[in-house]
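Report on the following structure.
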Number of protein chains: 6
Amino acid sequence: MILLTRRATFSASHYYWNPEWSAEHNEQVFGRCANRNGHGHNYTLEVTVAGEPDAVTGFVVDLKWLRDVIEREVLVAYDHRHLNLEAPEFARTIPTTENIAIAAWNRLEPAVTGAGGARLSRVRIYETPDIFAEYRGEA
Amino acid sequence: MILLTRRATFSASHYYWNPEWSAEHNEQVFGRCANRNGHGHNYTLEVTVAGEPDAVTGFVVDLKWLRDVIEREVLVAYDHRHLNLEAPEFARTIPTTENIAIAAWNRLEPAVTGAGGARLSRVRIYETPDIFAEYRGEA
Amino acid sequence: MILLTRRATFSASHYYWNPEWSAEHNEQVFGRCANRNGHGHNYTLEVTVAGEPDAVTGFVVDLKWLRDVIEREVLVAYDHRHLNLEAPEFARTIPTTENIAIAAWNRLEPAVTGAGGARLSRVRIYETPDIFAEYRGEA
Amino acid sequence: MILLTRRATFSASHYYWNPEWSAEHNEQVFGRCANRNGHGHNYTLEVTVAGEPDAVTGFVVDLKWLRDVIEREVLVAYDHRHLNLEAPEFARTIPTTENIAIAAWNRLEPAVTGAGGARLSRVRIYETPDIFAEYRGEA
Amino acid sequence: MILLTRRATFSASHYYWNPEWSAEHNEQVFGRCANRNGHGHNYTLEVTVAGEPDAVTGFVVDLKWLRDVIEREVLVAYDHRHLNLEAPEFARTIPTTENIAIAAWNRLEPAVTGAGGARLSRVRIYETPDIFAEYRGEA
Amino acid sequence: MILLTRRATFSASHYYWNPEWSAEHNEQVFGRCANRNGHGHNYTLEVTVAGEPDAVTGFVVDLKWLRDVIEREVLVAYDHRHLNLEAPEFARTIPTTENIAIAAWNRLEPAVTGAGGARLSRVRIYETPDIFAEYRGEA
């Protein structure tokens with residue numbers, strides 16, 4: 001079995017805010033991330049699929065197809081967007097790196113698993129070069 | 001003469017929008033950057049000072065001092081901020097990479113030039129690893 | 001158990017071409033990679049061995065020895081080479097990132113496993129910083 | 001389950017030397033690393049914790065807390081230090097990358113495991129960009 | 001004046017060979033680069049333009065326009081190509097990093113200089129992360 | 001004219017200490033760098049030569065020759081060394097990044113300038129990815 005990974009990047013805004021808490025409590029828990037004007041990141045998304053290379057093409061999946069899946073399922077929704085305001089999964093869920101990893105998995109998994117013998121194995125999100133979260137699905 | 005450089009990073013939101021234009025014209029010129037919800041980046045700021053190393057310390061400037069100057073003059077104003085909404089220099093000027101380089105120079109130059117024999121030589125801003133702007137002052 | 005990794009780089013040419021297909025079909029499947037003149041990459045190879053650090057030296061394996069194994073088993077055959085034309089394993093197998101990971105494993109595994117208590121655990125090949133394949137052997 | 005990682009860096013000196021061996025034997029085994037004057041590296045430490053994101057905050061752990069744990073448990077002891085001479089765990093154990101990974105795990109594990117529902121999952125140490133060791137505990 | 005830079009990458013093959021020399025002399029001068037099967041690299045191209053930011057847009061040049069210029073003038077000719085065999089400027093000139101920098105300048109300069117107030121200032125080519133050449137035109 | 005650059009790395013120890021000052025004053029000025037046990041870095045050295053590409057080879061200088069010059073003139077003296085204790089130029093001069101840049105220039109300049117039509121143009125030293133000094137000679 002081979003793990004094949006493709007990276008993509010997107011630039012987005014977000015903030016951390018719990019509407020059931022006071023401003024003071026939000027600032028105490030979330031620090032500078034609680035600024036309601038938002039701040040942003042160049043996120044890096046790593047998508048890993050697992051499978052056997054095809055005997056003829058040598059492909060686990062076609063990387064051009066995988067690029068298009070990532071574009072269509074994730075980047076259209078997240079790139080140059082405000083995650084809290086524009087991505088429905090973050091309307092009531094705080095877009096931490098952890099939750100973005102889960103959301104990206106949920107967006108990608110149906111499209112990848114339906115395609116030939118490969119399956120989605122791992123999604124990793126870098127918020128900065130020094131902070132990243134990884135999700136491998138519920139199973 | 002030695003050129004001594006220190007890098008710092010900050011995460012900020014911005015958008016590109018000219019209030020004198022229609023929404024259509026803003027989108028035509030600025031593309032996805034015209035989204036009024038904002039989007040963001042992990043910016044890298046490179047600050048270069050020029051001078052002679054001190055004969056005793058070997059320092060052009062003390063890098064701990066330079067770190068504090070960058071923090072106080074730039075990062076407090078830009079990090080985890082929305083540049084259009086929170087930095088006064090971008091209230092009516094669009095925060096392109098080019099303009100952020102000029103604004104960071106203007107913030108840093110008085111603090112650096114007043115300090116010993118060194119002078120500010122160059123400011124570089126990376127919006128992404130693939131796009132950066134450099135300013136060396138007006139002279 | 002410790003996983004100890006050493007990276008190396010090599011520069012090589014390749015193309016993607018199935019001689020049983022027409023030129024049109026090759027171009028349809030492989031796109032620009034079907035150019036028979038070849039194109040190339042700076043590949044990065046990551047070799048990971050697993051084992052216990054020796055109680056005296058603190059080494060899982062001697063990294064100088066591992067560097068020499070990588071040089072002798074992989075780099076001599078791949079660096080500054082055309083993979084399709086010069087590496088026998090790619091005479092009839094397309095040198096995709098996936099297949100290069102398997103081939104590098106097959107070249108390294110006998111040399112590494114025969115050496116003390118360590119075993120080859122993982123081989124990763126980066127074709128570009130954004131595309132990489134990982135193989136952990138058949139077991 | 002999410003794997004959440006934070007990176008930190010530290011600059012330290014070390015040498016490789018077994019006092020029970022002759023100078024010649026030390027140089028034969030350890031090469032240039034046997035220089036008793038020491039040499040140094042910019043180490044990168046990656047600390048990975050595993051857990052479920054909190055339903056309200058979206059945090060597996062608070063990354064500001066994790067930064068402080070890394071600072072207090074590892075960086076105070078290793079950064080701008082000579083590992084052989086100043087870190088007690090290397091008084092008689094050679095500070096190879098492998099052994100630093102184990103020692104950093106041992107320093108971090110009690111502090112991380114005692115904190116909420118998360119547990120320490122993985123510690124990775126880069127001695128250079130091309131050499132790194134990973135430890136996941138004894139279990 | 002601002003220096004604004006955009007990076008792009010391309011993957012290409014090349015070899016170093018002087019047809020007026022014997023094989024032995026080519027190998028003596030060019031080493032492993034003299035392999036006529038070719039080898040390849042992931043090149044990084046940095047294109048720097050100089051100018052004043054427009055008072056309204058804040059742009060020295062539109063970076064989307066610059067991306068398209070780089071694509072049309074350089075990448076179409078070099079990406080996934082064999083430089084010696086497919087780029088006419090290297091039919092009799094050896095595609096060293098130095099000569100690729102000059103050739104990229106010559107391809108870009110007419111398109112950039114004809115566009116508004118900016119001018120091409122600098123072209124840099126990285127053959128690997130450790131080797132790069134820079135050209136600023138003849139003047 | 002072309003600027004051609006080659007990077008190399010070395011790992012070394014150093015400390016900052018002025019023997020004419022008290023320990024307290026050294027610590028006040030140099031902070032953690034005043035630790036007499038030393039600490040260390042993975043330094044990156046960038047050596048830039050300027051010249052015209054040879055009409056036949058396309059080389060400003062032979063990069064294999066430049067690699068050997070860097071090895072012989074700088075790396076033998078600095079790599080896996082304690083700069084204060086083993087490099088004579090730092091016996092009484094503090095090995096700050098600034099002073100290492102000057103010292104590397106002085107080591108390289110005679111060897112490079114004596115070789116064909118090229119001249120040493122620039123030496124850059126990275127102490128960490130975030131701190132670097134550049135020297136272009138006295139002229």
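Just remember, in the structure tokens the first chain shown is A, the second B, etc., residues are 1-based per chain, and ligands are 1-based in the order shown.
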
Q.
Taking 4 positions as the minimum chain separation for residues in the same chain, which residues sit within 12 Å of Ile94 (chain A) when counting only C-alpha atoms? Answer as a PyMOL selection string.
A. (chain A and resi 14-19+26+30+33-34+83-85+87-90+98-100+102-103) or (chain D and resi 53-59)

Generate a file of the selected residues that holds N, CA and C atoms, formatted as a PDB file, in the first residue's frame.
```
ATOM      1  N   HIS A  14     -10.424  34.204  10.138  1.00  0.00           N
ATOM      2  CA  HIS A  14     -11.291  33.586  11.141  1.00  0.00           C
ATOM      3  C   HIS A  14     -11.169  34.364  12.449  1.00  0.00           C
ATOM      4  N   TYR A  15     -12.030  34.043  13.391  1.00  0.00           N
ATOM      5  CA  TYR A  15     -11.856  34.491  14.777  1.00  0.00           C
ATOM      6  C   TYR A  15     -12.397  33.397  15.671  1.00  0.00           C
ATOM      7  N   TYR A  16     -12.031  33.469  16.954  1.00  0.00           N
ATOM      8  CA  TYR A  16     -12.517  32.494  17.930  1.00  0.00           C
ATOM      9  C   TYR A  16     -13.463  33.248  18.857  1.00  0.00           C
ATOM     10  N   TRP A  17     -14.697  32.820  18.927  1.00  0.00           N
ATOM     11  CA  TRP A  17     -15.683  33.564  19.699  1.00  0.00           C
ATOM     12  C   TRP A  17     -16.841  32.635  20.041  1.00  0.00           C
ATOM     13  N   ASN A  18     -17.199  32.600  21.295  1.00  0.00           N
ATOM     14  CA  ASN A  18     -18.359  31.827  21.741  1.00  0.00           C
ATOM     15  C   ASN A  18     -19.451  32.818  22.128  1.00  0.00           C
ATOM     16  N   PRO A  19     -20.554  32.879  21.372  1.00  0.00           N
ATOM     17  CA  PRO A  19     -21.569  33.912  21.622  1.00  0.00           C
ATOM     18  C   PRO A  19     -22.258  33.753  22.972  1.00  0.00           C
ATOM     19  N   ASN A  26     -14.423  35.447  26.556  1.00  0.00           N
ATOM     20  CA  ASN A  26     -13.849  35.100  25.248  1.00  0.00           C
ATOM     21  C   ASN A  26     -12.379  35.501  25.172  1.00  0.00           C
ATOM     22  N   PHE A  30      -9.527  32.861  24.554  1.00  0.00           N
ATOM     23  CA  PHE A  30      -9.022  32.846  23.177  1.00  0.00           C
ATOM     24  C   PHE A  30      -7.944  33.899  22.907  1.00  0.00           C
ATOM     25  N   CYS A  33      -7.003  35.874  19.498  1.00  0.00           N
ATOM     26  CA  CYS A  33      -7.856  35.273  18.467  1.00  0.00           C
ATOM     27  C   CYS A  33      -9.313  35.696  18.625  1.00  0.00           C
ATOM     28  N   ALA A  34      -9.662  36.298  19.777  1.00  0.00           N
ATOM     29  CA  ALA A  34     -11.050  36.715  20.002  1.00  0.00           C
ATOM     30  C   ALA A  34     -11.391  38.043  19.325  1.00  0.00           C
ATOM     31  N   LEU A  83     -13.863  32.254   7.330  1.00  0.00           N
ATOM     32  CA  LEU A  83     -14.401  30.928   7.643  1.00  0.00           C
ATOM     33  C   LEU A  83     -15.654  31.009   8.516  1.00  0.00           C
ATOM     34  N   ASN A  84     -15.627  31.869   9.538  1.00  0.00           N
ATOM     35  CA  ASN A  84     -16.810  31.962  10.413  1.00  0.00           C
ATOM     36  C   ASN A  84     -18.034  32.436   9.649  1.00  0.00           C
ATOM     37  N   LEU A  85     -17.851  33.371   8.734  1.00  0.00           N
ATOM     38  CA  LEU A  85     -18.982  34.036   8.090  1.00  0.00           C
ATOM     39  C   LEU A  85     -19.432  33.358   6.805  1.00  0.00           C
ATOM     40  N   ALA A  87     -18.312  29.811   5.641  1.00  0.00           N
ATOM     41  CA  ALA A  87     -18.366  28.343   5.561  1.00  0.00           C
ATOM     42  C   ALA A  87     -19.439  27.864   6.535  1.00  0.00           C
ATOM     43  N   PRO A  88     -20.489  27.214   6.037  1.00  0.00           N
ATOM     44  CA  PRO A  88     -21.623  26.884   6.924  1.00  0.00           C
ATOM     45  C   PRO A  88     -21.226  26.011   8.116  1.00  0.00           C
ATOM     46  N   GLU A  89     -20.223  25.140   7.968  1.00  0.00           N
ATOM     47  CA  GLU A  89     -19.840  24.280   9.094  1.00  0.00           C
ATOM     48  C   GLU A  89     -19.240  25.062  10.249  1.00  0.00           C
ATOM     49  N   PHE A  90     -18.881  26.336  10.020  1.00  0.00           N
ATOM     50  CA  PHE A  90     -18.315  27.136  11.108  1.00  0.00           C
ATOM     51  C   PHE A  90     -19.273  28.237  11.575  1.00  0.00           C
ATOM     52  N   GLU A  98      -7.939  22.256  14.579  1.00  0.00           N
ATOM     53  CA  GLU A  98      -8.495  20.929  14.789  1.00  0.00           C
ATOM     54  C   GLU A  98      -9.812  20.762  14.026  1.00  0.00           C
ATOM     55  N   ASN A  99     -10.698  21.753  14.183  1.00  0.00           N
ATOM     56  CA  ASN A  99     -12.006  21.623  13.534  1.00  0.00           C
ATOM     57  C   ASN A  99     -11.924  21.801  12.023  1.00  0.00           C
ATOM     58  N   ILE A 100     -10.964  22.585  11.541  1.00  0.00           N
ATOM     59  CA  ILE A 100     -10.798  22.704  10.086  1.00  0.00           C
ATOM     60  C   ILE A 100     -10.333  21.364   9.508  1.00  0.00           C
ATOM     61  N   ILE A 102     -11.074  18.369  10.612  1.00  0.00           N
ATOM     62  CA  ILE A 102     -12.248  17.484  10.553  1.00  0.00           C
ATOM     63  C   ILE A 102     -13.175  17.908   9.409  1.00  0.00           C
ATOM     64  N   ALA A 103     -13.393  19.212   9.279  1.00  0.00           N
ATOM     65  CA  ALA A 103     -14.299  19.693   8.231  1.00  0.00           C
ATOM     66  C   ALA A 103     -13.755  19.399   6.843  1.00  0.00           C
TER      67      ALA A 103
ATOM     68  N   PRO D  53     -11.281  17.299  20.085  1.00  0.00           N
ATOM     69  CA  PRO D  53     -11.508  18.732  20.293  1.00  0.00           C
ATOM     70  C   PRO D  53     -12.665  18.953  21.258  1.00  0.00           C
ATOM     71  N   ASP D  54     -12.483  19.875  22.187  1.00  0.00           N
ATOM     72  CA  ASP D  54     -13.550  20.253  23.104  1.00  0.00           C
ATOM     73  C   ASP D  54     -14.747  20.787  22.306  1.00  0.00           C
ATOM     74  N   ALA D  55     -15.949  20.388  22.709  1.00  0.00           N
ATOM     75  CA  ALA D  55     -17.139  20.760  21.932  1.00  0.00           C
ATOM     76  C   ALA D  55     -17.361  22.270  21.903  1.00  0.00           C
ATOM     77  N   VAL D  56     -16.939  22.970  22.936  1.00  0.00           N
ATOM     78  CA  VAL D  56     -17.162  24.420  22.977  1.00  0.00           C
ATOM     79  C   VAL D  56     -15.997  25.205  22.383  1.00  0.00           C
ATOM     80  N   THR D  57     -14.776  24.908  22.827  1.00  0.00           N
ATOM     81  CA  THR D  57     -13.630  25.716  22.370  1.00  0.00           C
ATOM     82  C   THR D  57     -13.063  25.237  21.033  1.00  0.00           C
ATOM     83  N   GLY D  58     -13.305  23.975  20.691  1.00  0.00           N
ATOM     84  CA  GLY D  58     -12.664  23.431  19.502  1.00  0.00           C
ATOM     85  C   GLY D  58     -11.207  23.079  19.705  1.00  0.00           C
ATOM     86  N   PHE D  59     -10.730  23.101  20.954  1.00  0.00           N
ATOM     87  CA  PHE D  59      -9.319  22.837  21.272  1.00  0.00           C
ATOM     88  C   PHE D  59      -9.132  21.382  21.726  1.00  0.00           C
TER      89      PHE D  59
END
```

Q: Could you find all residues in region 24-69 of chain E that DSSP calls strand (DSSP E) from the backbone, and write them as number ranges by chain?
A: E: 39-51

(Q) When you look at Val74 (chain C) with a cut-off of 10 Å (counting only C-alpha atoms), what residues show up, excluding the ones that are within fewer than 2 positions of it in the same chain? I need them as a PyMOL selection string. (A) chain C and resi 8+10+45+68-72+76-79+103-108

Would you output that residue set with N, CA and C atoms, as a PDB file, in the first residue's frame?
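Final output, saved to result_18.pdb:
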```pdb
ATOM      1  N   ALA C   8      17.892  12.703   1.725  1.00  0.00           N
ATOM      2  CA  ALA C   8      18.878  12.930   0.668  1.00  0.00           C
ATOM      3  C   ALA C   8      18.133  13.471  -0.542  1.00  0.00           C
ATOM      4  N   PHE C  10      18.107  13.950  -4.978  1.00  0.00           N
ATOM      5  CA  PHE C  10      18.710  13.597  -6.274  1.00  0.00           C
ATOM      6  C   PHE C  10      17.918  14.298  -7.374  1.00  0.00           C
ATOM      7  N   LEU C  45      14.417  12.229  -0.919  1.00  0.00           N
ATOM      8  CA  LEU C  45      14.200  10.869  -0.411  1.00  0.00           C
ATOM      9  C   LEU C  45      14.374  10.893   1.094  1.00  0.00           C
ATOM     10  N   ASP C  68      25.869   6.482   3.540  1.00  0.00           N
ATOM     11  CA  ASP C  68      26.589   5.717   2.524  1.00  0.00           C
ATOM     12  C   ASP C  68      25.686   4.667   1.877  1.00  0.00           C
ATOM     13  N   VAL C  69      24.809   4.049   2.663  1.00  0.00           N
ATOM     14  CA  VAL C  69      23.867   3.071   2.092  1.00  0.00           C
ATOM     15  C   VAL C  69      22.959   3.756   1.071  1.00  0.00           C
ATOM     16  N   ILE C  70      22.433   4.928   1.426  1.00  0.00           N
ATOM     17  CA  ILE C  70      21.546   5.651   0.504  1.00  0.00           C
ATOM     18  C   ILE C  70      22.299   6.019  -0.776  1.00  0.00           C
ATOM     19  N   GLU C  71      23.524   6.489  -0.603  1.00  0.00           N
ATOM     20  CA  GLU C  71      24.344   6.853  -1.770  1.00  0.00           C
ATOM     21  C   GLU C  71      24.560   5.636  -2.672  1.00  0.00           C
ATOM     22  N   ARG C  72      24.953   4.531  -2.065  1.00  0.00           N
ATOM     23  CA  ARG C  72      25.352   3.352  -2.844  1.00  0.00           C
ATOM     24  C   ARG C  72      24.153   2.644  -3.461  1.00  0.00           C
ATOM     25  N   VAL C  76      23.501   6.508  -6.592  1.00  0.00           N
ATOM     26  CA  VAL C  76      24.334   6.125  -7.745  1.00  0.00           C
ATOM     27  C   VAL C  76      23.456   5.747  -8.936  1.00  0.00           C
ATOM     28  N   ALA C  77      22.323   5.136  -8.675  1.00  0.00           N
ATOM     29  CA  ALA C  77      21.449   4.686  -9.764  1.00  0.00           C
ATOM     30  C   ALA C  77      20.497   5.765 -10.267  1.00  0.00           C
ATOM     31  N   TYR C  78      20.146   6.741  -9.416  1.00  0.00           N
ATOM     32  CA  TYR C  78      19.094   7.695  -9.786  1.00  0.00           C
ATOM     33  C   TYR C  78      19.601   9.119 -10.009  1.00  0.00           C
ATOM     34  N   ASP C  79      20.662   9.529  -9.308  1.00  0.00           N
ATOM     35  CA  ASP C  79      21.034  10.948  -9.349  1.00  0.00           C
ATOM     36  C   ASP C  79      21.703  11.303 -10.672  1.00  0.00           C
ATOM     37  N   ALA C 103      10.373   1.258  -5.439  1.00  0.00           N
ATOM     38  CA  ALA C 103      11.684   0.841  -5.948  1.00  0.00           C
ATOM     39  C   ALA C 103      12.802   1.219  -4.979  1.00  0.00           C
ATOM     40  N   ALA C 104      12.710   2.387  -4.381  1.00  0.00           N
ATOM     41  CA  ALA C 104      13.746   2.800  -3.419  1.00  0.00           C
ATOM     42  C   ALA C 104      13.705   1.889  -2.198  1.00  0.00           C
ATOM     43  N   TRP C 105      12.490   1.535  -1.739  1.00  0.00           N
ATOM     44  CA  TRP C 105      12.371   0.565  -0.642  1.00  0.00           C
ATOM     45  C   TRP C 105      13.082  -0.745  -1.008  1.00  0.00           C
ATOM     46  N   ASN C 106      12.789  -1.249  -2.209  1.00  0.00           N
ATOM     47  CA  ASN C 106      13.372  -2.536  -2.610  1.00  0.00           C
ATOM     48  C   ASN C 106      14.894  -2.473  -2.711  1.00  0.00           C
ATOM     49  N   ARG C 107      15.420  -1.312  -3.083  1.00  0.00           N
ATOM     50  CA  ARG C 107      16.874  -1.145  -3.134  1.00  0.00           C
ATOM     51  C   ARG C 107      17.481  -1.058  -1.735  1.00  0.00           C
ATOM     52  N   LEU C 108      16.773  -0.416  -0.811  1.00  0.00           N
ATOM     53  CA  LEU C 108      17.346  -0.139   0.511  1.00  0.00           C
ATOM     54  C   LEU C 108      17.138  -1.288   1.494  1.00  0.00           C
TER      55      LEU C 108
END
```

(Q) Could you tell me which residues of chain E sit within 8 Å of chain F when counting only C-alpha atoms, and give me the result as number ranges by chain? (A) E: 18, 93-96, 98-99, 130-138

For N, CA, C and O atoms, I'd like the residues from the last selection saved as a short mmCIF file (atom, residue, chain, number, x, y, z; two decimals), in the first residue's frame.
```
data_model
loop_
_atom_site.label_atom_id
_atom_site.label_comp_id
_atom_site.auth_asym_id
_atom_site.auth_seq_id
_atom_site.Cartn_x
_atom_site.Cartn_y
_atom_site.Cartn_z
N ASN E 18 29.10 20.05 -24.98
CA ASN E 18 29.64 20.88 -26.06
C ASN E 18 29.97 19.96 -27.22
O ASN E 18 30.91 19.15 -27.12
N THR E 93 23.39 26.93 -26.93
CA THR E 93 23.89 27.53 -25.69
C THR E 93 23.57 26.57 -24.56
O THR E 93 22.44 26.09 -24.47
N ILE E 94 24.53 26.31 -23.70
CA ILE E 94 24.32 25.32 -22.64
C ILE E 94 23.38 25.91 -21.57
O ILE E 94 23.61 27.03 -21.11
N PRO E 95 22.31 25.20 -21.21
CA PRO E 95 21.34 25.73 -20.24
C PRO E 95 21.82 25.62 -18.80
O PRO E 95 21.21 24.95 -17.98
N THR E 96 22.92 26.32 -18.50
CA THR E 96 23.33 26.45 -17.10
C THR E 96 22.35 27.38 -16.38
O THR E 96 21.57 28.10 -17.01
N GLU E 98 23.04 30.06 -14.95
CA GLU E 98 23.38 31.41 -15.39
C GLU E 98 22.67 31.75 -16.70
O GLU E 98 22.06 32.82 -16.83
N ASN E 99 22.78 30.85 -17.67
CA ASN E 99 22.18 31.15 -18.97
C ASN E 99 20.65 31.10 -18.93
O ASN E 99 20.00 31.82 -19.69
N ASP E 130 20.01 25.23 -3.14
CA ASP E 130 21.36 25.65 -2.77
C ASP E 130 22.14 26.33 -3.88
O ASP E 130 23.28 26.75 -3.66
N ILE E 131 21.57 26.42 -5.08
CA ILE E 131 22.28 27.02 -6.22
C ILE E 131 21.33 27.94 -6.96
O ILE E 131 20.26 27.50 -7.40
N PHE E 132 21.71 29.23 -7.08
CA PHE E 132 20.85 30.13 -7.84
C PHE E 132 21.67 31.21 -8.53
O PHE E 132 22.78 31.54 -8.11
N ALA E 133 21.10 31.73 -9.63
CA ALA E 133 21.74 32.77 -10.43
C ALA E 133 20.77 33.93 -10.58
O ALA E 133 19.56 33.74 -10.66
N GLU E 134 21.34 35.13 -10.63
CA GLU E 134 20.53 36.34 -10.70
C GLU E 134 21.05 37.24 -11.81
O GLU E 134 22.27 37.41 -11.97
N TYR E 135 20.12 37.82 -12.58
CA TYR E 135 20.49 38.70 -13.69
C TYR E 135 19.63 39.95 -13.61
O TYR E 135 18.45 39.88 -13.30
N ARG E 136 20.26 41.11 -13.86
CA ARG E 136 19.55 42.39 -13.76
C ARG E 136 19.59 43.16 -15.08
O ARG E 136 19.40 44.37 -15.09
N GLY E 137 19.84 42.44 -16.19
CA GLY E 137 19.89 43.09 -17.50
C GLY E 137 21.26 43.67 -17.78
O GLY E 137 22.15 43.67 -16.92
N GLU E 138 21.43 44.15 -18.98
CA GLU E 138 22.76 44.59 -19.41
C GLU E 138 23.14 45.96 -18.88
O GLU E 138 24.31 46.27 -18.73
#
```

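When CA of His41 (chain A) is paired with CA of Ala12 (chain A), their separation reads 5.8 Å.
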
Q: Run DSSP on the backbone and grab whatever in region 16-129 of chain B lands in alpha helix (DSSP H); send it over as a VMD selection string.
A: chain B and resid 23 to 30 63 to 70 76 to 78 83 to 86 97 to 113

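CA of Leu66 (chain A) lies 22.9 Å from CA of Arg32 (chain B).
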
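Here CA of Gln28 (chain A) stands at a distance of 20.8 Å from CA of Glu86 (chain B).
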